[in-house]
Amino acid sequence: MRRGWGFSLIELVLAMAILSSLAVAGVVSLRGAQVQKQSKAAAEILAEGFRLANLRARAQGFPVAVGIPSDIGKTPVARGYYNVAGEFAAPHTHGYDFGAELLDAIVFSGKYAGPDWTPPLATLSRGSQFSFDDWQPPYPSDSYVVFLPTGEVVANHSAANGGYRVVVGSRCTYTDPVPASEPALPPEATLTAISDPYTITISTQGQVEVVPGLLEGDQNLVHSYQRLPRTERIAFTPAQYRGPNRPPELIAPKLVIDPPPDRQAIPVLTSADPAIAMAPTGQVSLTFFARDPDGDQLTAIWESTPGGSWSIPGTRMRWSYSKNAWYRTAIWKPPANARPNSRFRLYCRIQDGRGLEIVPSASTTLGYPGATADGIDVTIIPTLRLAYKDAGGGLSAANFDGSASTSILNSADLKAGEPSRMGWSRAQHGLLFQNGSKPRFLTALNGSPSQPVGDDTAFAGTLNGLVVQGPRLYGLVDDGGAKKIQSLPAPPVRGALTVKDEVAIPAGPGALEGLVVSPAQNTLITTDGVGKYVFVWLNTDPVSCSVVDGPPLKSLLLSPDSQTIYGLDADGRLQSCPVELDGNAATARLPGLSTPVLEAGCLLPSLSPDGSFLVYQDSSGHAQLYNLTNQTSVQLGVSGYSDMVWSEE
């Protein structure tokens, strides 16, 4: 029997399924086309933002930048851009937020496989003095393309094949941002996949172009919209991602002080005579490091009581890409009438511009227990004093100008030959000198009697040098022609002590005289004055020594950083010579020629504890103070001496 016209139930179901599939495919296709159009529109809008910034910079005569937000350096993917216009430290202004109209468009600022990526290009050939440090962008972790009035373009991110690039798409994946090889650049991410890409190129001369696709990129990075996950973290323009206000936070190293602190009250050196003032002259430098969890710009306000002056009373902090933190350095100088032992309190208020601040202290930054809770205490200490052999052959001490002269030991008590080989031990805070072969120690330069080391213990031979390193007192001795280093416990100690033979010095050097120590390298140094240097390595077990050739110098001095040796040549010229020490590997080199520092006829030089000044006797017999920082000399008011040594205070 012939069936009439119509459809069975099965045929209807199959037809509906086919129609439904076609409809879904059409919707997907339409959705993909819409997303692609959004990417293209966003690329054209961003490119127009670049072009407009270029025109504004040329017309208005100051830098104009396009900033790509990064959520405080956390993501390379943004939903728009903003503008910054001004000579320096300019605030951000509105740009364009794609989220309002182009919900699927994103901006990627970073690198991708294919082009040859380089650090930012050096293009400032038209007299511009622009630098990111001086310009101070409002959000340093963001990516900036800056158009200059000269027509040139600079950026703080990598360049590709002679220009800068920003990629617009719909979805993408990437590696996490990592610090760049250049410490002055923000972290950058690498693109691993993107859909619907358009590449915006910006040349160093300001030409802006939109190129479909991933320009010169690996095409394996391009995927369809449906295959990529929705980007989890997207940065919006700064005003939208700051969130609720939170106070700034200090981050390591928190505070760097110069001079380095070693006590709760930071000492500051001062002098009534500016010609012989210490270097640095009565000042302390503070550098704080902080971060704001909301991405706010931070400002440092500096104050002090009861007075003094700051090099930078208040200013926006700078950004350190290597530490991912804000930082700022300011130098404080005491008032001209500051007296020794007076105290001042230094404050730094780190503010976020929205009403919150922190006030660092020595307790929070340096960990000093009992330190003040709201600042850094400094104290003024007097200029270092000098101990010297006076005209009567005794030991005296005085200030540079000859004032506050104090007789410490008479010639009968001193009993030291020429020279006396006095030395100040910073570790023991006292004066070391030798009485024949017997070491002596003074705890103060005020006339107090000297103390023997042990029960008048003598080294086993003629004593030719004396230093303290760690818990031991080391002596350079000549025992019947056998040269050696011996040691005792460091002063002040009493009781019967046994002299310890540390190391025998091999034959080769001539008569050794004088001993200096490198605390950082745990090494002793002496010389025969005619080109042989003996290095004694205290880190080795047992203690060892080596002999190294060098310039013929005597009366050795060693800089505090252990990188320069000073000494007198045969004509009495003070010379400097670089030295390379490695106390752990027991190696030493004197790699360069010696350089004259002082004229001929110098005698008995002594180096200040900070390595900035020398005292010496000139060819006319006068005491001179030489400033190594500015190469100037001042005649001192002390006279009749035959040896000098610095005291600590």
# chains A, B, ... in the order shown; residues from 1 in each chain; ligands from 1

call {"tool": "closest_atom_pairs", "arguments": {"of": "region 533-646 of chain A", "to": "region 360-384 of chain A", "cutoff": "12 Å", "atoms": "only C-alpha atoms", "output": "Markdown table"}}
result
| residue | atom | partner | partner_atom | distance |
| --- | --- | --- | --- | --- |
| A:Leu607 | CA | A:Leu384 | CA | 11.7 |
| A:Ser608 | CA | A:Leu384 | CA | 8.4 |
| A:Pro609 | CA | A:Leu384 | CA | 9.1 |
| A:Asp610 | CA | A:Leu384 | CA | 10.5 |
| A:Phe613 | CA | A:Leu384 | CA | 10.9 |
| A:Val615 | CA | A:Leu384 | CA | 11.8 |
| A:Val645 | CA | A:Leu384 | CA | 10.2 |
| A:Trp646 | CA | A:Leu384 | CA | 6.7 |

call {"tool": "residues_around", "arguments": {"residues": "Val477 (chain A)", "least_positions_apart": "4", "cutoff": "6 Å", "atoms": "only C-alpha atoms", "output": "list in words"}}
result
Gly461, Thr462, Leu463, Asn464, Lys483 and Lys484 of chain A

call {"tool": "write_last_selection", "arguments": {"atoms": "N, CA and C atoms", "output": "PDB file, in the first residue's frame"}}
result
ATOM      1  N   GLY A 461     111.038  36.822  71.989  1.00  0.00           N
ATOM      2  CA  GLY A 461     111.925  37.404  71.001  1.00  0.00           C
ATOM      3  C   GLY A 461     111.723  38.906  70.926  1.00  0.00           C
ATOM      4  N   THR A 462     112.369  39.515  69.954  1.00  0.00           N
ATOM      5  CA  THR A 462     112.230  40.958  69.748  1.00  0.00           C
ATOM      6  C   THR A 462     110.899  41.240  69.068  1.00  0.00           C
ATOM      7  N   LEU A 463     110.097  42.076  69.686  1.00  0.00           N
ATOM      8  CA  LEU A 463     108.757  42.359  69.181  1.00  0.00           C
ATOM      9  C   LEU A 463     108.822  43.482  68.148  1.00  0.00           C
ATOM     10  N   ASN A 464     108.348  43.208  66.932  1.00  0.00           N
ATOM     11  CA  ASN A 464     108.422  44.170  65.831  1.00  0.00           C
ATOM     12  C   ASN A 464     107.064  44.568  65.275  1.00  0.00           C
ATOM     13  N   LYS A 483     112.084  34.332  62.310  1.00  0.00           N
ATOM     14  CA  LYS A 483     110.923  35.226  62.308  1.00  0.00           C
ATOM     15  C   LYS A 483     109.651  34.386  62.434  1.00  0.00           C
ATOM     16  N   LYS A 484     108.731  34.828  63.274  1.00  0.00           N
ATOM     17  CA  LYS A 484     107.517  34.056  63.516  1.00  0.00           C
ATOM     18  C   LYS A 484     106.397  34.981  63.978  1.00  0.00           C
TER      19      LYS A 484
END

call {"tool": "closest_residue", "arguments": {"among": "A:Thr299, A:Ser342, A:Gln631, A:Thr75", "to": "Arg328 (chain A)", "atoms": "only C-alpha atoms"}}
result
A:Thr299

call {"tool": "closest_residue", "arguments": {"among": "A:Asn522, A:Ser224, A:Thr173, A:Ser606", "to": "Leu558 (chain A)", "atoms": "only C-alpha atoms"}}
result
A:Ser606

call {"tool": "select_by_dssp", "arguments": {"residues": "region 117-316 of chain A", "states": "alpha helix (DSSP H)", "output": "ChimeraX atom specification"}}
result
/A:132-135,238-241

call {"tool": "residues_around", "arguments": {"residues": "region 537-544 of chain A", "least_positions_apart": "5", "cutoff": "8 Å", "atoms": "only C-alpha atoms", "output": "list in words"}}
result
Glu502, Val503, Asn522, Thr523, Leu524, Gly583, Asn584 and Ala586 of chain A

call {"tool": "write_last_selection", "arguments": {"atoms": "N, CA and C atoms", "output": "compact mmCIF listing (two decimals), in the first residue's frame"}}
result
# COMPACT_ATOMS: atom_id res chain seq x y z
N GLU A 502 102.22 30.65 66.37
CA GLU A 502 101.20 30.47 65.34
C GLU A 502 101.79 29.95 64.04
N VAL A 503 102.87 30.59 63.56
CA VAL A 503 103.45 30.16 62.30
C VAL A 503 104.87 30.71 62.21
N ASN A 522 90.52 38.12 57.90
CA ASN A 522 91.19 37.37 58.97
C ASN A 522 92.65 37.08 58.60
N THR A 523 93.34 38.15 58.22
CA THR A 523 94.68 38.02 57.65
C THR A 523 95.60 39.07 58.24
N LEU A 524 96.85 38.69 58.55
CA LEU A 524 97.88 39.62 58.99
C LEU A 524 98.84 39.88 57.84
N GLY A 583 91.04 35.56 52.22
CA GLY A 583 91.48 34.87 53.43
C GLY A 583 91.07 33.43 53.49
N ASN A 584 89.97 33.06 52.82
CA ASN A 584 89.53 31.67 52.85
C ASN A 584 90.37 30.80 51.92
N ALA A 586 93.38 31.67 51.03
CA ALA A 586 94.77 31.96 51.38
C ALA A 586 95.57 32.40 50.15
